[in-house]
Every structure is written in structure tokens, then in C-alpha cells.
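Next comes final_5.cif, a file with mmCIF, C-alpha atoms.
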data_upload
#
loop_
_atom_site.label_atom_id
_atom_site.label_comp_id
_atom_site.auth_asym_id
_atom_site.auth_seq_id
_atom_site.Cartn_x
_atom_site.Cartn_y
_atom_site.Cartn_z
CA MET C 1 -14.86 13.31 -53.95
CA ILE C 2 -12.21 10.72 -53.09
CA LEU C 3 -11.13 9.91 -49.54
CA TYR C 4 -7.70 8.29 -49.25
CA ASP C 5 -8.21 5.85 -46.46
CA PHE C 6 -6.88 2.77 -44.66
CA PRO C 7 -9.25 0.29 -42.98
CA GLY C 8 -8.85 0.41 -39.19
CA ALA C 9 -6.94 3.71 -39.10
CA PRO C 10 -8.59 6.05 -36.59
CA ASN C 11 -8.27 9.34 -38.47
CA PRO C 12 -9.97 8.31 -41.73
CA ARG C 13 -12.71 6.79 -39.54
CA ARG C 14 -13.36 10.25 -38.07
CA VAL C 15 -14.01 11.62 -41.56
CA LEU C 16 -16.16 8.64 -42.62
CA ILE C 17 -18.43 8.99 -39.58
CA PHE C 18 -18.61 12.77 -40.03
CA ALA C 19 -19.53 12.39 -43.71
CA ALA C 20 -22.16 9.76 -42.86
CA GLU C 21 -23.73 12.17 -40.34
CA LYS C 22 -23.96 14.69 -43.18
CA GLY C 23 -25.21 12.19 -45.76
CA ILE C 24 -22.18 12.85 -47.96
CA ASP C 25 -20.91 9.99 -50.13
CA LEU C 26 -17.15 9.64 -50.46
CA GLN C 27 -15.36 7.32 -52.86
CA ARG C 28 -12.83 5.42 -50.77
CA VAL C 29 -9.34 4.60 -52.07
CA THR C 30 -7.11 2.46 -49.85
CA VAL C 31 -3.59 3.67 -49.16
CA ASP C 32 -1.64 0.72 -47.74
CA LEU C 33 0.06 2.04 -44.62
CA GLY C 34 1.84 -1.31 -44.19
CA LYS C 35 3.61 -0.65 -47.50
CA ARG C 36 4.18 3.03 -46.57
CA GLU C 37 2.14 4.09 -49.61
CA GLN C 38 1.21 7.31 -47.80
CA ARG C 39 4.79 8.44 -48.39
CA SER C 40 4.87 7.60 -52.11
CA ASP C 41 5.60 10.51 -54.45
CA ALA C 42 1.99 10.41 -55.66
CA MET C 43 0.61 10.70 -52.12
CA LEU C 44 3.19 13.28 -50.98
CA ALA C 45 2.04 15.45 -53.89
CA LYS C 46 -1.47 15.29 -52.42
CA ASN C 47 -0.35 15.81 -48.81
CA PRO C 48 3.25 16.82 -48.07
CA SER C 49 2.86 15.57 -44.49
CA GLY C 50 2.65 12.00 -45.81
CA LYS C 51 -0.42 11.11 -43.80
CA ILE C 52 -3.98 10.00 -44.41
CA PRO C 53 -6.81 10.81 -44.67
CA VAL C 54 -6.65 13.09 -47.68
CA LEU C 55 -9.75 14.41 -49.43
CA GLU C 56 -9.42 14.95 -53.17
CA LEU C 57 -12.02 17.25 -54.70
CA ASP C 58 -13.46 16.66 -58.16
CA ASP C 59 -11.15 19.37 -59.54
CA GLY C 60 -8.07 17.59 -58.14
CA ARG C 61 -7.37 19.93 -55.22
CA CYS C 62 -6.56 18.11 -52.00
CA ILE C 63 -7.12 18.70 -48.29
CA GLY C 64 -5.15 16.88 -45.59
CA GLU C 65 -5.90 16.63 -41.86
CA SER C 66 -9.14 15.08 -40.63
CA VAL C 67 -10.44 18.24 -38.99
CA ALA C 68 -9.73 20.42 -42.02
CA ILE C 69 -11.58 17.87 -44.18
CA CYS C 70 -14.52 17.77 -41.76
CA ARG C 71 -14.72 21.54 -41.70
CA TYR C 72 -14.88 21.54 -45.49
CA LEU C 73 -17.69 18.96 -45.39
CA GLU C 74 -19.51 21.14 -42.83
CA HIS C 75 -19.22 24.00 -45.32
CA LEU C 76 -20.79 21.82 -48.03
CA VAL C 77 -23.64 20.60 -45.76
CA PRO C 78 -23.89 23.10 -42.89
CA GLU C 79 -26.78 21.55 -40.96
CA PRO C 80 -27.11 19.70 -38.70
CA ASN C 81 -23.83 21.33 -37.68
CA LEU C 82 -21.20 19.28 -35.87
CA PHE C 83 -18.79 22.15 -35.10
CA GLY C 84 -21.36 24.21 -33.17
CA ALA C 85 -23.29 27.29 -34.17
CA PRO C 86 -21.00 30.25 -35.01
CA GLY C 87 -20.02 32.24 -31.90
CA PHE C 88 -19.74 30.95 -28.36
CA GLU C 89 -21.01 27.45 -29.08
CA ALA C 90 -18.46 26.89 -31.85
CA ALA C 91 -15.70 28.11 -29.53
CA GLU C 92 -16.88 25.78 -26.77
CA VAL C 93 -17.00 22.78 -29.14
CA GLU C 94 -13.54 23.65 -30.43
CA MET C 95 -12.19 23.90 -26.88
CA HIS C 96 -13.53 20.49 -25.87
CA HIS C 97 -12.44 18.99 -29.18
CA ARG C 98 -8.91 20.32 -28.76
CA HIS C 99 -8.70 19.05 -25.20
CA ILE C 100 -9.47 15.58 -26.53
CA GLU C 101 -7.03 15.90 -29.40
CA LEU C 102 -4.16 17.50 -27.50
CA GLU C 103 -4.49 15.81 -24.12
CA LEU C 104 -5.86 12.37 -25.03
CA PHE C 105 -5.30 11.54 -28.70
CA SER C 106 -1.73 12.87 -28.66
CA GLN C 107 -0.90 10.61 -25.68
CA VAL C 108 -2.52 7.61 -27.36
CA GLY C 109 -0.30 8.44 -30.34
CA THR C 110 2.81 8.52 -28.15
CA ALA C 111 1.89 5.17 -26.58
CA TRP C 112 1.28 3.73 -30.06
CA VAL C 113 4.48 5.07 -31.64
CA ASN C 114 6.58 3.70 -28.78
CA GLY C 115 4.66 0.44 -28.47
CA PRO C 116 5.30 -3.09 -29.72
CA ILE C 117 3.37 -2.96 -33.03
CA VAL C 118 5.26 0.03 -34.43
CA ALA C 119 8.52 -1.39 -33.03
CA SER C 120 7.87 -4.66 -34.88
CA MET C 121 7.65 -2.67 -38.13
CA GLY C 122 11.19 -1.41 -37.45
CA LEU C 123 10.21 2.20 -38.17
CA ILE C 124 11.33 3.80 -34.93
CA GLU C 125 13.34 2.96 -31.82
CA PRO C 126 10.71 2.73 -29.06
CA ILE C 127 11.22 4.81 -25.90
CA GLU C 128 9.73 2.75 -23.10
CA ALA C 129 9.64 5.61 -20.58
CA ALA C 130 7.69 7.74 -23.06
CA ARG C 131 5.22 4.89 -23.69
CA ALA C 132 4.72 4.30 -19.97
CA ARG C 133 4.15 8.00 -19.22
CA ALA C 134 1.65 8.31 -22.08
CA HIS C 135 -0.13 5.16 -20.88
CA ASP C 136 -0.66 6.67 -17.41
CA LEU C 137 -1.79 10.01 -18.85
CA VAL C 138 -4.38 8.28 -21.03
CA LEU C 139 -5.82 6.36 -18.09
CA ALA C 140 -5.94 9.57 -16.03
CA TYR C 141 -7.70 11.34 -18.89
CA TYR C 142 -10.33 8.59 -19.08
CA ARG C 143 -11.09 9.27 -15.40
CA ARG C 144 -11.44 12.98 -16.14
CA LEU C 145 -13.79 12.27 -19.06
CA ASP C 146 -15.87 9.98 -16.86
CA LYS C 147 -16.37 12.80 -14.35
CA ALA C 148 -17.27 15.28 -17.09
CA LEU C 149 -19.74 12.86 -18.67
CA ALA C 150 -21.54 12.46 -15.35
CA THR C 151 -22.63 16.10 -15.86
CA ARG C 152 -23.36 16.20 -19.60
CA PRO C 153 -24.41 13.60 -22.18
CA TYR C 154 -21.85 14.48 -24.87
CA MET C 155 -18.22 15.56 -24.94
CA ALA C 156 -18.95 19.21 -25.66
CA GLY C 157 -22.33 19.55 -23.95
CA LYS C 158 -25.91 18.64 -24.67
CA ARG C 159 -25.58 17.36 -28.19
CA PHE C 160 -23.45 15.20 -30.45
CA THR C 161 -20.57 17.05 -32.15
CA ILE C 162 -17.21 16.42 -33.79
CA ALA C 163 -15.72 16.16 -30.29
CA ASP C 164 -17.66 12.91 -29.82
CA ILE C 165 -16.47 11.51 -33.14
CA THR C 166 -12.83 12.22 -32.31
CA ALA C 167 -13.12 10.84 -28.78
CA LEU C 168 -14.82 7.66 -30.00
CA CYS C 169 -12.28 6.96 -32.76
CA CYS C 170 -9.43 7.63 -30.35
CA ILE C 171 -10.80 5.45 -27.52
CA ASP C 172 -11.69 2.58 -29.86
CA PHE C 173 -8.24 2.66 -31.45
CA ALA C 174 -6.54 2.78 -28.05
CA ALA C 175 -8.63 -0.15 -26.78
CA LYS C 176 -8.02 -2.28 -29.86
CA LEU C 177 -4.42 -1.55 -30.79
CA VAL C 178 -2.68 0.14 -27.85
CA ASN C 179 -4.05 -2.01 -25.01
CA LEU C 180 -5.58 1.08 -23.39
CA LYS C 181 -9.21 0.44 -22.52
CA PRO C 182 -11.17 2.58 -20.05
CA ALA C 183 -11.68 0.80 -16.72
CA ALA C 184 -15.06 -0.92 -16.30
CA GLU C 185 -15.99 1.28 -13.33
CA LEU C 186 -15.97 4.43 -15.50
CA THR C 187 -19.69 4.00 -16.07
CA SER C 188 -20.46 7.51 -17.36
CA LEU C 189 -17.76 7.12 -20.00
CA TRP C 190 -19.06 3.68 -21.01
CA GLN C 191 -22.65 4.94 -21.14
CA TRP C 192 -21.52 7.73 -23.43
CA HIS C 193 -19.65 5.14 -25.52
CA ALA C 194 -22.80 3.03 -25.90
CA ARG C 195 -24.91 6.13 -26.72
CA VAL C 196 -22.55 7.21 -29.48
CA SER C 197 -21.85 3.71 -30.81
CA GLU C 198 -25.49 3.09 -31.66
CA ARG C 199 -25.68 6.01 -34.07
CA PRO C 200 -26.19 4.83 -37.67
CA SER C 201 -23.02 6.68 -38.78
CA VAL C 202 -20.95 4.73 -36.26
CA VAL C 203 -22.68 1.42 -36.95
CA ALA C 204 -21.80 1.97 -40.62
CA TYR C 205 -18.11 2.50 -39.78
CA PRO C 206 -17.18 0.31 -36.82
CA ALA C 207 -13.70 0.30 -35.30
CA MET B 1 -13.11 40.73 -22.03
CA ILE B 2 -10.32 39.41 -19.83
CA LEU B 3 -7.41 37.34 -21.11
CA TYR B 4 -5.66 35.22 -18.49
CA ASP B 5 -2.08 35.45 -19.55
CA PHE B 6 1.55 34.95 -18.54
CA PRO B 7 4.32 37.12 -20.01
CA GLY B 8 6.60 35.10 -22.28
CA ALA B 9 4.24 32.12 -22.62
CA PRO B 10 3.80 31.29 -26.32
CA ASN B 11 0.10 30.44 -26.35
CA PRO B 12 -1.26 33.66 -24.81
CA ARG B 13 1.04 35.51 -27.25
CA ARG B 14 -0.82 33.87 -30.14
CA VAL B 15 -4.09 35.33 -28.86
CA LEU B 16 -2.61 38.77 -28.17
CA ILE B 17 -1.21 39.05 -31.69
CA PHE B 18 -4.46 37.75 -33.18
CA ALA B 19 -6.51 40.28 -31.18
CA ALA B 20 -4.14 43.10 -32.19
CA GLU B 21 -4.62 42.18 -35.86
CA LYS B 22 -8.36 42.52 -35.27
CA GLY B 23 -8.11 45.74 -33.25
CA ILE B 24 -9.72 44.02 -30.24
CA ASP B 25 -8.68 45.25 -26.79
CA LEU B 26 -8.28 42.60 -24.10
CA GLN B 27 -7.78 43.25 -20.41
CA ARG B 28 -4.78 41.16 -19.37
CA VAL B 29 -4.65 39.36 -16.02
CA THR B 30 -1.41 37.56 -15.16
CA VAL B 31 -1.62 33.96 -13.98
CA ASP B 32 1.75 33.08 -12.42
CA LEU B 33 2.77 29.79 -14.00
CA GLY B 34 5.83 29.67 -11.70
CA LYS B 35 3.44 29.46 -8.75
CA ARG B 36 1.15 27.00 -10.64
CA GLU B 37 -1.71 29.48 -10.37
CA GLN B 38 -3.22 28.02 -13.56
CA ARG B 39 -4.16 24.98 -11.46
CA SER B 40 -5.78 26.92 -8.60
CA ASP B 41 -9.43 26.13 -7.91
CA ALA B 42 -10.43 29.53 -9.29
CA MET B 43 -8.59 28.93 -12.58
CA LEU B 44 -9.68 25.28 -12.90
CA ALA B 45 -13.28 26.52 -12.65
CA LYS B 46 -12.55 28.69 -15.70
CA ASN B 47 -10.64 25.99 -17.60
CA PRO B 48 -10.65 22.40 -16.33
CA SER B 49 -7.50 21.68 -18.35
CA GLY B 50 -5.54 23.98 -16.03
CA LYS B 51 -3.87 25.88 -18.84
CA ILE B 52 -3.70 29.42 -20.13
CA PRO B 53 -4.74 31.42 -22.05
CA VAL B 54 -8.36 31.63 -20.98
CA LEU B 55 -10.75 34.26 -22.34
CA GLU B 56 -13.44 35.42 -19.93
CA LEU B 57 -16.41 37.13 -21.54
CA ASP B 58 -18.21 40.06 -19.91
CA ASP B 59 -20.97 37.66 -18.78
CA GLY B 60 -18.44 35.41 -17.02
CA ARG B 61 -18.43 32.55 -19.54
CA CYS B 62 -14.95 31.27 -20.35
CA ILE B 63 -13.17 29.81 -23.36
CA GLY B 64 -9.92 27.87 -23.12
CA GLU B 65 -7.50 26.92 -25.91
CA SER B 66 -5.82 29.58 -28.02
CA VAL B 67 -7.38 28.51 -31.28
CA ALA B 68 -10.90 28.35 -29.83
CA ILE B 69 -10.39 31.85 -28.43
CA CYS B 70 -9.09 33.14 -31.75
CA ARG B 71 -12.02 31.62 -33.59
CA TYR B 72 -14.36 33.43 -31.22
CA LEU B 73 -12.52 36.70 -31.87
CA GLU B 74 -12.83 36.05 -35.62
CA HIS B 75 -16.57 35.68 -35.09
CA LEU B 76 -16.67 39.08 -33.32
CA VAL B 77 -14.58 40.83 -36.00
CA PRO B 78 -14.78 38.69 -39.14
CA GLU B 79 -12.64 40.76 -41.48
CA PRO B 80 -9.84 40.82 -42.36
CA ASN B 81 -10.19 37.09 -41.73
CA LEU B 82 -7.24 35.13 -40.39
CA PHE B 83 -8.79 31.64 -40.69
CA GLY B 84 -9.44 31.92 -44.45
CA ALA B 85 -12.66 32.53 -46.33
CA PRO B 86 -15.27 29.81 -45.68
CA GLY B 87 -14.85 26.80 -47.98
CA PHE B 88 -11.65 25.56 -49.56
CA GLU B 89 -9.45 28.42 -48.31
CA ALA B 90 -10.50 27.87 -44.68
CA ALA B 91 -9.78 24.14 -45.05
CA GLU B 92 -6.37 24.88 -46.55
CA VAL B 93 -5.49 27.32 -43.75
CA GLU B 94 -6.64 24.80 -41.16
CA MET B 95 -4.55 22.06 -42.77
CA HIS B 96 -1.37 24.15 -42.73
CA HIS B 97 -2.12 25.42 -39.26
CA ARG B 98 -2.60 21.89 -37.95
CA HIS B 99 0.61 20.70 -39.58
CA ILE B 100 2.43 23.40 -37.65
CA GLU B 101 0.64 22.61 -34.42
CA LEU B 102 0.81 18.81 -34.60
CA GLU B 103 4.19 18.32 -36.27
CA LEU B 104 6.21 21.30 -35.01
CA PHE B 105 4.64 22.84 -31.89
CA SER B 106 3.95 19.45 -30.31
CA GLN B 107 7.61 18.46 -30.75
CA VAL B 108 8.79 21.78 -29.32
CA GLY B 109 6.51 20.97 -26.39
CA THR B 110 8.06 17.53 -25.95
CA ALA B 111 11.56 19.03 -26.06
CA TRP B 112 10.50 21.68 -23.52
CA VAL B 113 8.78 19.28 -21.11
CA ASN B 114 11.80 16.96 -21.10
CA GLY B 115 14.36 19.74 -21.05
CA PRO B 116 16.43 21.33 -18.28
CA ILE B 117 14.14 24.26 -17.35
CA VAL B 118 11.10 22.09 -16.59
CA ALA B 119 13.36 19.52 -14.88
CA SER B 120 14.73 22.28 -12.63
CA MET B 121 11.15 23.02 -11.52
CA GLY B 122 10.90 19.39 -10.35
CA LEU B 123 7.53 18.92 -12.07
CA ILE B 124 8.38 15.91 -14.21
CA GLU B 125 11.12 13.31 -14.65
CA PRO B 126 12.75 14.26 -17.95
CA ILE B 127 13.10 11.57 -20.63
CA GLU B 128 16.31 12.39 -22.48
CA ALA B 129 15.60 10.10 -25.44
CA ALA B 130 12.22 11.81 -25.95
CA ARG B 131 13.86 15.25 -25.78
CA ALA B 132 16.56 14.25 -28.28
CA ARG B 133 14.07 12.78 -30.75
CA ALA B 134 11.85 15.85 -30.54
CA HIS B 135 14.90 18.09 -31.03
CA ASP B 136 15.80 16.31 -34.28
CA LEU B 137 12.19 16.39 -35.52
CA VAL B 138 11.98 20.15 -34.90
CA LEU B 139 15.17 20.82 -36.87
CA ALA B 140 13.90 18.59 -39.71
CA TYR B 141 10.60 20.48 -39.70
CA TYR B 142 12.41 23.81 -39.96
CA ARG B 143 14.06 22.50 -43.14
CA ARG B 144 10.66 21.47 -44.52
CA LEU B 145 9.23 24.92 -43.72
CA ASP B 146 12.20 26.58 -45.42
CA LYS B 147 11.50 24.64 -48.62
CA ALA B 148 7.78 25.47 -48.47
CA LEU B 149 8.48 29.17 -47.87
CA ALA B 150 10.66 29.29 -50.97
CA THR B 151 7.41 28.78 -52.92
CA ARG B 152 4.98 30.97 -50.97
CA PRO B 153 5.34 34.07 -48.79
CA TYR B 154 3.23 32.86 -45.85
CA MET B 155 2.67 29.57 -44.04
CA ALA B 156 -0.71 28.88 -45.64
CA GLY B 157 -0.24 30.63 -48.97
CA LYS B 158 -0.26 34.15 -50.31
CA ARG B 159 -1.39 36.00 -47.24
CA PHE B 160 -0.92 36.27 -43.48
CA THR B 161 -3.15 33.94 -41.43
CA ILE B 162 -3.36 32.32 -38.01
CA ALA B 163 -0.88 29.71 -39.28
CA ASP B 164 1.79 32.45 -39.34
CA ILE B 165 0.93 33.59 -35.82
CA THR B 166 1.22 30.05 -34.45
CA ALA B 167 4.44 29.32 -36.31
CA LEU B 168 6.03 32.58 -35.16
CA CYS B 169 5.12 32.10 -31.49
CA CYS B 170 6.34 28.51 -31.61
CA ILE B 171 9.65 29.28 -33.33
CA ASP B 172 10.39 32.27 -31.09
CA PHE B 173 9.65 30.22 -27.96
CA ALA B 174 11.80 27.33 -29.19
CA ALA B 175 14.69 29.69 -30.01
CA LYS B 176 14.51 31.50 -26.69
CA LEU B 177 13.69 28.76 -24.19
CA VAL B 178 14.33 25.36 -25.80
CA ASN B 179 17.64 26.10 -27.56
CA LEU B 180 16.08 25.26 -30.91
CA LYS B 181 16.80 28.00 -33.42
CA PRO B 182 16.45 27.52 -37.18
CA ALA B 183 19.85 27.21 -38.89
CA ALA B 184 21.16 30.43 -40.47
CA GLU B 185 21.17 28.89 -43.96
CA LEU B 186 17.36 28.47 -43.92
CA THR B 187 17.04 31.82 -45.63
CA SER B 188 13.43 31.48 -46.81
CA LEU B 189 12.34 30.69 -43.26
CA TRP B 190 14.30 33.65 -41.88
CA GLN B 191 12.92 36.00 -44.55
CA TRP B 192 9.41 34.90 -43.58
CA HIS B 193 10.34 35.48 -39.92
CA ALA B 194 11.47 39.03 -40.68
CA ARG B 195 8.37 39.71 -42.80
CA VAL B 196 6.02 38.59 -40.04
CA SER B 197 8.00 40.15 -37.19
CA GLU B 198 7.66 43.66 -38.60
CA ARG B 199 3.86 43.62 -38.44
CA PRO B 200 2.54 46.11 -35.85
CA SER B 201 0.70 43.31 -34.02
CA VAL B 202 3.96 41.41 -33.52
CA VAL B 203 5.97 44.53 -32.68
CA ALA B 204 3.36 45.20 -29.97
CA TYR B 205 3.77 41.71 -28.50
CA PRO B 206 7.41 40.64 -28.91
CA ALA B 207 8.67 37.24 -27.74
#
Show the structure stored in the file as C-alpha cells.
Amino acid sequence: MILYDFPGAPNPRRVLIFAAEKGIDLQRVTVDLGKREQRSDAMLAKNPSGKIPVLELDDGRCIGESVAICRYLEHLVPEPNLFGAPGFEAAEVEMHHRHIELELFSQVGTAWVNGPIVASMGLIEPIEAARARAHDLVLAYYRRLDKALATRPYMAGKRFTIADITALCCIDFAAKLVNLKPAAELTSLWQWHARVSERPSVVAYPA
Amino acid sequence: MILYDFPGAPNPRRVLIFAAEKGIDLQRVTVDLGKREQRSDAMLAKNPSGKIPVLELDDGRCIGESVAICRYLEHLVPEPNLFGAPGFEAAEVEMHHRHIELELFSQVGTAWVNGPIVASMGLIEPIEAARARAHDLVLAYYRRLDKALATRPYMAGKRFTIADITALCCIDFAAKLVNLKPAAELTSLWQWHARVSERPSVVAYPA
């Protein structure tokens, strides 16, 4: 299987870490986001949303969206599961995962889209008020995560799941490229970060 | 099971329609969003994100997030499935569903949050440029959906899935409360809307 990828992009990194946890090898093909290759006719045929990652199966069928790709990989190699056991645990993992995606990652995205790097590419007119609001919401969310992680070792409970992968890729991207790093005093959040960062799958695919 | 709900809110409607498709009865308890009851201590104990819907199981455990709740209901009554058969179909449904959530629903949310109704509640300082950009992105997405629906009868392919429920609840909310209605000439989108709206589950839970 081929993974259309771009070094440093947070969403392909989610899939790479997930696949490494499963022991699944993916052939990586770079799509140059700087050249907008993700919106070429060839890539739009694979994913009409014009985004990466995209997983191309051996028969040519394609799947877009990191979480849809990860769910497919979980189907191929069900255990150890990273979406939770079917039933209540899977629902709980999905809830925590969605909180991170919808309340943290989406705000990091807003801060990124309206920030100086994207502005310098000339792709969009930045809205400073939107960037500033997103910035504050991200920092508030880090404080919420720190409180939650004082009561449980991983994002969705007692064990490592896809919610940890998404949170890690989001936080690392925000720290590196959006100038949004968790404050040093958020020790539970930083302890979680260290715990997750030493996993072989994460060591293999650093930010 | 209890569903914490608010009449007219689009996300609880997703769960109600989903449950009706499955023939699952839910006891509805209204959480008054106008009075911010979703952020009361009692409700925050059920869902720390302070949002509805929340599903409370008979043993008192709670699940937040519409999609996590729906996935739990799918686990209780697997067929007819609305998330796709495990494997490629489930990944494809999830991809289409996420496109609708992340590229359409999120923009409707931005237009709503920065629009006049929320401003009149005094909860947030509206950002007009953010509202205007979201407005344009929603209308562009409606055109994309119209093109896609000229080639397939439902959002994710040949049959009705959770992607249709989410799209319907989003579009109806946007039309009613955000002044964002698909243009009349988007006939494939409107034909899909009519097709979905005549289902008994949707007739039972109108916008």
C-alpha cells in the first residue's frame, strides 16, 4: 500500500505512527505541499478534498482522511486495538479522540491558517482576530488536558490509543510551527508527552 | 437510556434520527442551552466538554459526542449498518462523513458562532471576517456536494449512511438558523435532500 505523505505534516504522521504500532509497512510517496501538488488532477482523482494523507490500496482504490485510513489499518490488523474494544470502550475512545480533534486540533488549524507562515505563502488573507482567539483556546485546552492527565495516564484512559497519537501530532505541530507550546508548569501534560514520545513508533517518526 | 437533548439543536437530531433508523427508543431529557444548562456541574460531570448530546446508559455511564453515541448504538443494533460494513466500505463512509463534518459542518459552526444570534446572546465577540469566509466556504461546499450527488444517490455512495444524517442535520440547521441555504439550481443536492427527508426517521425528527 502507498501512503501519500509530506515530511513534517501532522496528519500523515498520525497514520505513520499508527501503522508502526500495527507493524504495517507503507510505501511513502511525497506530495509536495509547497508546490500544491495535493491539488493536482492526479491527486484530486485520489482524494477530491485535495488533502493528504491518502492511502492507495494495491488494487488502486484510495482512502482519504487520517482517521478513515487508521480505521482501515485496524481492520487489517485488529490487535492490539487502538480504537478500543467494540462497545463502550470504543465509544469512550471515540469521544476523547473527537474532543481532541474538534476542540484542540481544529483551533490549532485556525491559528495556523491565519498565521504568518500561511500568509507568507499568499494563499489566504489572515484574520488576526481569528488567530488570536484560536491561540487562547489552544492554551486553555492544554490546561484542561493537564488536569485530565493528572487522573489518567493516557488521553482516553488507562492505555495508549489513537487519541494519544492525534494529540501528540497536534501538540508537536503546534509547538514547532504555530508557536503554541504547552506551558512548562503543565507537568501532567508534559509527563504524558514524554511517556508517549518514547514509544518505538514515535521514535521512528519524530515531529 | 437517556439522551440529553435540546429541541432544534442539530447534533442531538443526528442521534435521534440514527436511533430511529435502528428502532432504538431513547428517553429524552431537555438541557436548556439558552440557560447554559449544558455547563452546569451536573452536566459537566456527564460530559466535561459541556456539550450535548450526551447518552446516559442504564448503569449511569455517559458518552458524549454524536458520532461516538451513534457508534455505540450501531454496536447495540449492528444491522442495517449505517457506518458501512467493516473494511473498505467503513473507511469510505468514514472518509465522506469526515469531509462533511470537517469541511462543511465546521464552517457552518464558524458562521453560526460569529453570526447575529450568538452575538445577541453576548457569549462571544463576533469576528465578521471569519463569518464571511465561512459563509463563502459553505456555499462552495454545497456546489461540490451537488456535483458529487449527480454521480451517486447518497453522500457516501449507493446507500443511506450516517454521512447522510450528518449532512442533512447540518444543511437544515444552516438553512434555518445561519441563513445559508443551498441555491435553488443545485438540483442534485435538493433531490438528495428530498430523498432523505421522506425517510420515516427524518419525518419523526424534523428540523
### Message
Please return as a PyMOL selection string every residue within 10 Å of (-9.7, 19.6, -27.7), taking into account all atoms listed in the file and the file's own coordinates.
### Response
(chain C and resi 92-105+155-156+163+166-167) or (chain B and resi 49+64-65+67-68)
### Query
Any chance you could work out the residue set of the PyMOL selection byres ((chain B and resi 191-200) around 8) here, as a list in words?
Leu149, Pro153, Tyr154, Asp164, Leu168, Thr187, Ser188, Leu189, Trp190, Ser201, Val202, Val203 and Ala204 of chain B
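The coordinates place atom CA of B:Lys35 at 17.9 Å from atom CA of B:Asn11.
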### Atomic distance atom CA of B:Ala9 - atom CA of B:Leu82, expressed in Å with one decimal
21.4 Å
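Once the PyMOL selection byres ((chain B and resi 51) around 10) is applied to the shown structure, the selection contains Tyr4, Asp5, Asn11, Val31, Leu33, Arg36, Glu37, Gln38, Arg39, Met43, Leu44, Lys46, Asn47, Pro48, Ser49, Gly50, Ile52, Pro53, Val54, Gly64 and Glu65 of chain B.
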Determine the residue set returned by the PyMOL selection byres ((chain B and resi 14) around 8) for the present structure, and present it as a PDB file with C-alpha atoms, keeping the file's coordinate frame.
ATOM      1  CA  PRO B  10       3.800  31.290 -26.320  1.00  0.00           C
ATOM      2  CA  ASN B  11       0.100  30.440 -26.350  1.00  0.00           C
ATOM      3  CA  PRO B  12      -1.260  33.660 -24.810  1.00  0.00           C
ATOM      4  CA  ARG B  13       1.040  35.510 -27.250  1.00  0.00           C
ATOM      5  CA  VAL B  15      -4.090  35.330 -28.860  1.00  0.00           C
ATOM      6  CA  LEU B  16      -2.610  38.770 -28.170  1.00  0.00           C
ATOM      7  CA  ILE B  17      -1.210  39.050 -31.690  1.00  0.00           C
ATOM      8  CA  PHE B  18      -4.460  37.750 -33.180  1.00  0.00           C
ATOM      9  CA  SER B  66      -5.820  29.580 -28.020  1.00  0.00           C
ATOM     10  CA  ILE B 165       0.930  33.590 -35.820  1.00  0.00           C
ATOM     11  CA  THR B 166       1.220  30.050 -34.450  1.00  0.00           C
ATOM     12  CA  CYS B 169       5.120  32.100 -31.490  1.00  0.00           C
TER      13      CYS B 169
END
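Minimum atom-to-atom distances from B:Tyr142, B:Phe160, B:Phe83, B:Tyr72 to chain C were compared using only C-alpha atoms, and the lowest value belongs to B:Tyr72.
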### Task
In the coordinate frame of the file, compute which residues have an atom within 6 Å of (-13.3, 0.5, -31.2) when using all atoms listed in the file, and state them as a ChimeraX atom specification.
/C:172-173,207
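You will find atom CA of C:Ser40 at 25.7 Å from atom CA of B:Leu186.
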### Task
Pick out the residues sitting within 10 Å of C:Ile127, and hand them over as a list in words; count all atoms listed in the file, and ignore anything fewer than 3 positions along from it in its own chain.
Thr110, Ala111, Val113, Asn114, Gly115, Ala119, Ile124, Ala130, Arg131 and Ala132 of chain C; Ile127, Glu128, Ala129, Ala130 and Arg133 of chain B
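In terms of minimum interatomic distance to chain C, B:Pro126 ranks closest within B:Pro116, B:Pro126, B:Pro80, B:Gly8, counting all atoms listed in the file.
Of the residues under consideration (C:Arg144, C:Lys181, C:Arg152, C:Arg28), C:Arg144 shows the shortest atom-to-atom contact distance to chain B when counting only C-alpha atoms.
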### Query
When distances are computed from only C-alpha atoms, which of C:Ala85, C:Val118, C:Val178, C:Leu139 shows the smallest separation from chain B?
C:Ala85
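Proximity to chain B was assessed for C:Ala91, C:Ala140, C:Leu57, C:Leu26 counting all atoms listed in the file; the smallest distance is recorded for C:Ala91.
Nearest-residue note for C:Asn81: choosing from C:Leu177, C:Glu185, C:Ile2, C:Lys22, the minimum distance belongs to C:Lys22, counting all atoms listed in the file.
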Any chance you could build stretch 134-147 of chain C out to N, CA and C atoms and write it as a compact mmCIF listing (two decimals), keeping the file's coordinate frame?
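Wrote it out as result_31.txt, contents follow:
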# COMPACT_ATOMS: atom_id res chain seq x y z
N ALA C 134 2.86 8.06 -21.28
CA ALA C 134 1.65 8.31 -22.08
C ALA C 134 0.52 7.39 -21.62
N HIS C 135 0.85 6.14 -21.37
CA HIS C 135 -0.13 5.16 -20.88
C HIS C 135 -0.84 5.69 -19.62
N ASP C 136 -0.07 6.16 -18.66
CA ASP C 136 -0.66 6.67 -17.41
C ASP C 136 -1.51 7.91 -17.66
N LEU C 137 -1.03 8.79 -18.56
CA LEU C 137 -1.79 10.01 -18.85
C LEU C 137 -3.12 9.69 -19.52
N VAL C 138 -3.12 8.68 -20.38
CA VAL C 138 -4.38 8.28 -21.03
C VAL C 138 -5.37 7.76 -19.99
N LEU C 139 -4.91 6.91 -19.10
CA LEU C 139 -5.82 6.36 -18.09
C LEU C 139 -6.35 7.47 -17.18
N ALA C 140 -5.49 8.43 -16.85
CA ALA C 140 -5.94 9.57 -16.03
C ALA C 140 -6.97 10.40 -16.79
N TYR C 141 -6.76 10.55 -18.09
CA TYR C 141 -7.70 11.34 -18.89
C TYR C 141 -9.05 10.65 -18.99
N TYR C 142 -9.06 9.32 -19.07
CA TYR C 142 -10.33 8.59 -19.08
C TYR C 142 -11.11 8.90 -17.79
N ARG C 143 -10.40 8.96 -16.67
CA ARG C 143 -11.09 9.27 -15.40
C ARG C 143 -11.67 10.68 -15.45
N ARG C 144 -10.92 11.61 -16.02
CA ARG C 144 -11.44 12.98 -16.14
C ARG C 144 -12.68 13.02 -17.04
N LEU C 145 -12.63 12.30 -18.16
CA LEU C 145 -13.79 12.27 -19.06
C LEU C 145 -15.00 11.66 -18.35
N ASP C 146 -14.77 10.62 -17.58
CA ASP C 146 -15.87 9.98 -16.86
C ASP C 146 -16.56 10.97 -15.93
N LYS C 147 -15.78 11.77 -15.24
CA LYS C 147 -16.37 12.80 -14.35
C LYS C 147 -17.16 13.83 -15.16
